[in-house]
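S.K.: Encoded as structure tokens, here's the structure I'll be asking about.
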There are 4 protein chains.
Amino acid sequence: MNETARLETFSDGVFAIAATLLILEIKLPDRGTLTHQLLHLWPSYGAYAISFITIGIMWINHHAMFEQIDRINRTFLVINVFFLMVIAFIPFPTHVLAAHLHHDARTAAFFYGLTNVLMATAYVCLWFYAARGRRLISPAADPRMVSGISRAFLPGILIYTLATLSALISAWLAVALFAAIALFYVLESSLFGRS
Amino acid sequence: MNETARLETFSDGVFAIAATLLILEIKLPDRGTLTHQLLHLWPSYGAYAISFITIGIMWINHHAMFEQIDRINRTFLVINVFFLMVIAFIPFPTHVLAAHLHHDARTAAFFYGLTNVLMATAYVCLWFYAARGRRLISPAADPRMVSGISRAFLPGILIYTLATLSALISAWLAVALFAAIALFYVLESSLFGRS
Amino acid sequence: MNETARLETFSDGVFAIAATLLILEIKLPDRGTLTHQLLHLWPSYGAYAISFITIGIMWINHHAMFEQIDRINRTFLVINVFFLMVIAFIPFPTHVLAAHLHHDARTAAFFYGLTNVLMATAYVCLWFYAARGRRLISPAADPRMVSGISRAFLPGILIYTLATLSALISAWLAVALFAAIALFYVLESSLFGRS
Amino acid sequence: MNETARLETFSDGVFAIAATLLILEIKLPDRGTLTHQLLHLWPSYGAYAISFITIGIMWINHHAMFEQIDRINRTFLVINVFFLMVIAFIPFPTHVLAAHLHHDARTAAFFYGLTNVLMATAYVCLWFYAARGRRLISPAADPRMVSGISRAFLPGILIYTLATLSALISAWLAVALFAAIALFYVLESSLFGRS
């Protein structure tokens with residue numbers, strides 16, 4: 001296989017597994033009728049959707065990053081392992097958030113947000129390591145595209161940090177912000193795809 | 001990797017993991033002799049088989065779709081993430097169905113069917129986004145093949161909706177219909193393969 | 001991707017996941033000192049090893065099969081889904097076997113063997129569907145190689161059936177035979193690789 | 001697919017799944033406030049990080065190995081299955097270590113170390129089988145690179161054995177050594193990547 005192909009295969013594996021494992025965190029509460037139980041699980045469905053879409057968006061971005069990159073080195077591989085370590089961690093805070101929306105909700109939302117901040121930070125490190133001085137960038141890559149990606153990714157850390165801090169005021173506000181960020185990236189991706 | 005290859009790798013990962021995770025939902029009831037327990041689990045085996053075959057068929061159809069598609073854009077990637085979100089959800093309603101065939105069976109079958117309706121809908125969205133005006137269709141694709149796929153996929157939503165509504169009358173009827181739909185697609189696939 | 005590549009990717013995913021999920025079935029008994037618990041788990045380690053090697057061997061054989069095959073059709077895809085359904089099932093009987101070696105052992109070994117018989121049968125169906133009349137066989141494939149694979153696979157059903165029936169006499173005999181079959185295929189593979 | 005590609009796909013699958021399954025072993029203790037519970041889990045986070053990075057490093061090394069290898073045989077496939085069997089086992093000792101850092105810690109650290117020794121041994125077998133007499137090495141591979149890899153891998157067994165034995169004196173010492181080894185390989189990889 002060529003240099004970047006195997007990195008992409010391994011990364012896609014972790015993305016796909018982390019996203020699919022999310023479902024294992026949804027469990028019936030075993031109290032009341034089945035209809036009641038299934039309806040009562042709505043925070044789990046919501047957390048599942050937000051996390052799945054977040055991982056999906058990160059996969060799309062990772063995909064976009066590799067359209068600009070045509071070689072790798074061991075430092076880049078190592079940063080990518082750290083990045084994937086955060087992605088693979090997501091099912092845990094997702095479960096914590098879903099299980100504590102009625103109790104200790106602010107702590108749960110803060111913890112969930114912290115993971116997102118870490119994810120955005122690892123992602124920015126990955127991209128800037130590759131893009132700085134066009135270290136791993138393909139000679140054929142359009143400079144405007146490269147700096148466009150840089151501009152798009154950097155604010156992610158700040159946005160996730162603000163959403164995380166908002167959890168200290170209200171868990172519901174934070175969750176609404178997490179959903180809004182996921183939705184924004186979905187729309188931005190679609191609009192971006194049209195241009 | 002080329003444009004569609006990585007999308008296929010990621011999707012195949014989610015299909016493969018969702019199908020394989022189904023087994024984690026089968027657990028021994030820990031009552032009676034082991035023979036009794038293993039026989040008593042037949043609803044779990046049945047639900048496992050129906051869901052595994054359903055996911056397998058969806059994978060085959062996804063595969064057939066990509067024989068006609070030769071490029072992607074970000075909107076298509078996003079729709080695909082939504083589609084995979086439903087595929088990855090399947091182990092949960094499968095477990096609910098297997099665990100409630102003797103109790104609250106109609107609710108469980110209805111919930112299972114709802115997931116299938118969602119899955120068929122997401123799939124139709126994915127295909128029609130690609131096929132409309134041949135947006136992402138390969139120039140080499142046979143127009144009869146493309147319209148043939150369109151004709152084959154659209155009724156899926158209606159068929160799954162009817163099977164889901166039948167759960168309100170009888171869970172057994174609904175489960176029989178889910179199995180019949182899976183079997184029909186298996187046979188249709190095989191016959192289709194012969195022509 | 002080419003025709004067979006995506007089938008191989010999906011199948012490899014199921015093989016890899018089924019093998020890796022085996023570990024989730026190993027759980028500490030939570031009685032006695034940790035040393036005692038870890039030693040007490042030996043049936044789990046043994047079952048893990050036998051099943052992992054069995055899945056690994058099936059993967060190697062699937063790999064060898066695809067060196068002779070250069071095209072697929074939908075019937076073949078469907079048979080492959082059935083075959084993978086059995087592979088993905090293996091973690092369950094492995095857990096049953098590991099958990100019941102001291103109690104109801106014959107039932108557990110019989111159930112484990114039954115899964116192996118099913119696996120060998122599905123595999124033989126897959127191969128003979130492809131090989132009959134060289135339906136999907138590459139024109140470049142050596143006829144002696146093709147008939148050699150046919151001769152090697154067919155006895156698998158009988159061997160696993162006999163090992164399964166031996167469980168009715170003694171669970172230990174059956175487990176020893178399962179281990180011996182796995183070991184035989186490992187050695188046969190290695191010797192085969194040298195010629 | 002070409003000869004080595006499918007082996008790499010399957011191996012990458014096992015690496016990715018084993019790493020991602022680690023998260024399933026982290027579970028809230030369900031005692032005290034959520035903040036307390038999340039903080040109390042630090043041994044789980046630590047064990048998760050060490051094991052994830054270890055698996056990531058092994059994946060990077062496997063990747064480096066395959067840059068020198070251009071063909072495989074069945075014996076090599078079998079050794080690779082054994083190696084992956086150890087990789088897929090890692091989530092279990094990781095869970096044991098995380099759950100017993102306050103109780104029976106030396107046993108847990110020793111068991112964790114034993115798995116690492118096994119992993120290093122299987123890896124060395126894999127490499128030396130391929131490299132001996134340049135059996136599977138690409139004609140284009142630089143002999144200095146090949147002997148450089150040999151020199152780098154062999155001490156791994158000794159280093160992990162010493163760290164494992166140190167668990168008999170102190171669990172904390174052993175864990176510190178496991179972390180130091182992972183960190184060393186991370187740094188070595190990065191420096192190696194710069195040259």
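Ordering of the structure tokens sets the chain letters (A, B, ...), residue numbers begin anew at 1 in every chain, and ligands are numbered from 1 in the order given.
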For Phe128 of chain C, list every protein, DNA or RNA residue within 12 Å, evaluated using only C-alpha atoms, and leave out those in the same chain fewer than 3 positions away; present the list as a list in words.
M.R.: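 Result of the neighbour search: Met65, Ile69, Phe76, Ile79, Thr121, Ala122, Tyr123, Val124, Cys125, Ala131, Arg132, Gly133, Arg134, Arg135, Leu136, Ile137, Val146, Ser147, Ile149, Ser150, Arg151, Phe153 and Leu154 of chain C.
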S.K.: Residues of chain C were defined as contacting chain B if any atom lay at most 7 Å from it, counting only C-alpha atoms; please report them as an mmCIF file with all heavy atoms, in the first residue's frame.
M.R.:
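The resulting file, selection02.cif, is shown below:
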```cif
data_model
loop_
_atom_site.group_PDB
_atom_site.id
_atom_site.type_symbol
_atom_site.label_atom_id
_atom_site.label_comp_id
_atom_site.auth_asym_id
_atom_site.auth_seq_id
_atom_site.Cartn_x
_atom_site.Cartn_y
_atom_site.Cartn_z
ATOM 1 N N MET C 1 -13.183 1.033 -6.217
ATOM 2 C CA MET C 1 -12.508 -0.244 -5.918
ATOM 3 C C MET C 1 -12.940 -1.315 -6.923
ATOM 4 O O MET C 1 -14.026 -1.259 -7.488
ATOM 5 C CB MET C 1 -12.938 -0.733 -4.534
ATOM 6 C CG MET C 1 -12.480 0.158 -3.408
ATOM 7 S SD MET C 1 -12.420 -0.823 -1.895
ATOM 8 C CE MET C 1 -12.917 0.423 -0.698
ATOM 9 N N PHE C 10 -14.942 -5.872 3.569
ATOM 10 C CA PHE C 10 -16.066 -6.104 4.477
ATOM 11 C C PHE C 10 -15.858 -7.400 5.266
ATOM 12 O O PHE C 10 -16.027 -7.439 6.485
ATOM 13 C CB PHE C 10 -17.364 -6.162 3.663
ATOM 14 C CG PHE C 10 -18.585 -6.412 4.487
ATOM 15 C CD1 PHE C 10 -19.054 -5.463 5.375
ATOM 16 C CD2 PHE C 10 -19.285 -7.607 4.362
ATOM 17 C CE1 PHE C 10 -20.200 -5.698 6.131
ATOM 18 C CE2 PHE C 10 -20.423 -7.846 5.110
ATOM 19 C CZ PHE C 10 -20.880 -6.887 5.998
ATOM 20 N N GLY C 13 -13.239 -7.106 7.837
ATOM 21 C CA GLY C 13 -13.788 -6.377 8.977
ATOM 22 C C GLY C 13 -14.508 -7.321 9.924
ATOM 23 O O GLY C 13 -14.242 -7.323 11.129
ATOM 24 N N VAL C 14 -15.393 -8.156 9.394
ATOM 25 C CA VAL C 14 -16.140 -9.085 10.252
ATOM 26 C C VAL C 14 -15.194 -10.073 10.928
ATOM 27 O O VAL C 14 -15.296 -10.327 12.137
ATOM 28 C CB VAL C 14 -17.238 -9.810 9.453
ATOM 29 C CG1 VAL C 14 -17.911 -10.880 10.307
ATOM 30 C CG2 VAL C 14 -18.282 -8.812 8.961
ATOM 31 N N ILE C 17 -13.275 -8.165 13.679
ATOM 32 C CA ILE C 17 -14.095 -7.770 14.817
ATOM 33 C C ILE C 17 -14.523 -8.986 15.632
ATOM 34 O O ILE C 17 -14.438 -8.978 16.858
ATOM 35 C CB ILE C 17 -15.339 -6.980 14.355
ATOM 36 C CG1 ILE C 17 -14.905 -5.759 13.564
ATOM 37 C CG2 ILE C 17 -16.187 -6.564 15.545
ATOM 38 C CD1 ILE C 17 -15.932 -5.288 12.570
ATOM 39 N N ALA C 18 -14.969 -10.042 14.936
ATOM 40 C CA ALA C 18 -15.394 -11.246 15.653
ATOM 41 C C ALA C 18 -14.250 -11.772 16.513
ATOM 42 O O ALA C 18 -14.440 -12.126 17.679
ATOM 43 C CB ALA C 18 -15.876 -12.310 14.673
ATOM 44 N N ASN C 73 -20.695 -12.311 -7.955
ATOM 45 C CA ASN C 73 -22.051 -11.919 -8.343
ATOM 46 C C ASN C 73 -22.899 -11.817 -7.065
ATOM 47 O O ASN C 73 -22.402 -12.097 -5.966
ATOM 48 C CB ASN C 73 -22.651 -12.891 -9.369
ATOM 49 C CG ASN C 73 -22.802 -14.284 -8.811
ATOM 50 O OD1 ASN C 73 -22.930 -14.483 -7.611
ATOM 51 N ND2 ASN C 73 -22.766 -15.256 -9.694
ATOM 52 N N ARG C 74 -24.142 -11.440 -7.212
ATOM 53 C CA ARG C 74 -24.935 -11.172 -6.003
ATOM 54 C C ARG C 74 -25.238 -12.440 -5.205
ATOM 55 O O ARG C 74 -25.289 -12.402 -3.975
ATOM 56 C CB ARG C 74 -26.221 -10.422 -6.374
ATOM 57 C CG ARG C 74 -25.914 -8.934 -6.664
ATOM 58 C CD ARG C 74 -27.120 -8.202 -7.195
ATOM 59 N NE ARG C 74 -28.110 -7.916 -6.188
ATOM 60 C CZ ARG C 74 -28.214 -6.747 -5.550
ATOM 61 N NH1 ARG C 74 -27.372 -5.775 -5.798
ATOM 62 N NH2 ARG C 74 -29.164 -6.558 -4.667
ATOM 63 N N THR C 75 -25.397 -13.582 -5.882
ATOM 64 C CA THR C 75 -25.614 -14.829 -5.137
ATOM 65 C C THR C 75 -24.403 -15.113 -4.246
ATOM 66 O O THR C 75 -24.547 -15.489 -3.082
ATOM 67 C CB THR C 75 -25.841 -16.009 -6.106
ATOM 68 O OG1 THR C 75 -26.926 -15.679 -6.966
ATOM 69 C CG2 THR C 75 -26.155 -17.284 -5.346
ATOM 70 N N VAL C 78 -24.431 -12.970 -1.249
ATOM 71 C CA VAL C 78 -25.405 -13.420 -0.254
ATOM 72 C C VAL C 78 -24.872 -14.617 0.534
ATOM 73 O O VAL C 78 -24.976 -14.662 1.764
ATOM 74 C CB VAL C 78 -26.753 -13.748 -0.944
ATOM 75 C CG1 VAL C 78 -27.666 -14.510 0.003
ATOM 76 C CG2 VAL C 78 -27.429 -12.465 -1.409
ATOM 77 N N VAL C 81 -22.511 -13.396 3.039
ATOM 78 C CA VAL C 81 -23.170 -12.808 4.216
ATOM 79 C C VAL C 81 -23.573 -13.908 5.199
ATOM 80 O O VAL C 81 -23.349 -13.787 6.412
ATOM 81 C CB VAL C 81 -24.401 -11.963 3.804
ATOM 82 C CG1 VAL C 81 -25.276 -11.653 5.005
ATOM 83 C CG2 VAL C 81 -23.961 -10.663 3.130
ATOM 84 N N MET C 85 -22.194 -14.430 8.945
ATOM 85 C CA MET C 85 -23.147 -14.494 10.060
ATOM 86 C C MET C 85 -22.730 -15.579 11.050
ATOM 87 O O MET C 85 -22.868 -15.413 12.263
ATOM 88 C CB MET C 85 -24.547 -14.771 9.515
ATOM 89 C CG MET C 85 -25.635 -14.642 10.533
ATOM 90 S SD MET C 85 -27.260 -14.631 9.709
ATOM 91 C CE MET C 85 -27.548 -16.405 9.604
ATOM 92 N N ALA C 88 -19.417 -14.340 12.855
ATOM 93 C CA ALA C 88 -19.713 -13.319 13.865
ATOM 94 C C ALA C 88 -20.422 -13.910 15.078
ATOM 95 O O ALA C 88 -20.484 -13.286 16.132
ATOM 96 C CB ALA C 88 -20.562 -12.204 13.254
ATOM 97 N N PHE C 89 -20.963 -15.126 14.929
ATOM 98 C CA PHE C 89 -21.677 -15.779 16.023
ATOM 99 C C PHE C 89 -20.707 -16.415 17.023
ATOM 100 O O PHE C 89 -21.038 -16.617 18.196
ATOM 101 C CB PHE C 89 -22.617 -16.843 15.442
ATOM 102 C CG PHE C 89 -23.615 -17.403 16.417
ATOM 103 C CD1 PHE C 89 -24.719 -16.665 16.804
ATOM 104 C CD2 PHE C 89 -23.456 -18.677 16.956
ATOM 105 C CE1 PHE C 89 -25.640 -17.168 17.705
ATOM 106 C CE2 PHE C 89 -24.370 -19.192 17.861
ATOM 107 C CZ PHE C 89 -25.477 -18.435 18.231
ATOM 108 N N PHE C 92 -20.219 -16.007 20.964
ATOM 109 C CA PHE C 92 -21.221 -16.498 21.915
ATOM 110 C C PHE C 92 -20.946 -17.937 22.373
ATOM 111 O O PHE C 92 -20.789 -18.179 23.575
ATOM 112 C CB PHE C 92 -22.635 -16.322 21.343
ATOM 113 C CG PHE C 92 -23.712 -16.815 22.260
ATOM 114 C CD1 PHE C 92 -23.887 -16.249 23.513
ATOM 115 C CD2 PHE C 92 -24.544 -17.859 21.883
ATOM 116 C CE1 PHE C 92 -24.868 -16.716 24.377
ATOM 117 C CE2 PHE C 92 -25.523 -18.330 22.738
ATOM 118 C CZ PHE C 92 -25.682 -17.760 23.982
ATOM 119 N N ASP C 104 -22.341 -28.641 33.115
ATOM 120 C CA ASP C 104 -23.032 -28.741 31.808
ATOM 121 C C ASP C 104 -22.023 -28.687 30.656
ATOM 122 O O ASP C 104 -22.334 -28.177 29.572
ATOM 123 C CB ASP C 104 -24.035 -27.582 31.625
ATOM 124 C CG ASP C 104 -25.356 -27.817 32.350
ATOM 125 O OD1 ASP C 104 -25.741 -28.984 32.477
ATOM 126 O OD2 ASP C 104 -25.975 -26.836 32.784
ATOM 127 N N THR C 107 -22.987 -30.197 27.071
ATOM 128 C CA THR C 107 -23.903 -29.350 26.295
ATOM 129 C C THR C 107 -23.136 -28.186 25.663
ATOM 130 O O THR C 107 -23.307 -27.868 24.483
ATOM 131 C CB THR C 107 -25.005 -28.780 27.215
ATOM 132 O OG1 THR C 107 -25.595 -29.847 27.925
ATOM 133 C CG2 THR C 107 -26.053 -28.039 26.412
#
```
S.K.: Write down as a ChimeraX atom specification the residues of segment 75-174 of chain B whose backbone DSSP state falls under helix (DSSP H, G or I).
M.R.: /B:75-89,91-99,105-134,143-153,155-166,171-174
S.K.: Quick one: residues within 9 Å of Leu114 of chain B, only C-alpha atoms counted, chain neighbours fewer than 4 positions away excluded, as a PDB file with C-alpha atoms, in the first residue's frame?
M.R.:
```pdb
ATOM      1  CA  ALA B 109     -41.705  -5.009  17.122  1.00  0.00           C
ATOM      2  CA  PHE B 110     -42.999  -1.510  16.391  1.00  0.00           C
ATOM      3  CA  LEU B 118     -35.663   5.170   9.078  1.00  0.00           C
ATOM      4  CA  MET B 119     -32.966   3.046   7.484  1.00  0.00           C
ATOM      5  CA  TYR B 160     -41.162  -1.377   5.943  1.00  0.00           C
ATOM      6  CA  THR B 161     -43.858   1.118   7.019  1.00  0.00           C
ATOM      7  CA  THR B 164     -44.113  -1.697  11.174  1.00  0.00           C
TER       8      THR B 164
END
```
S.K.: Tell me which of B:Ser138, B:Asn80, B:Ser166, B:Thr94 sits closest to Gly46 of chain B, counting only C-alpha atoms.
M.R.: B:Thr94
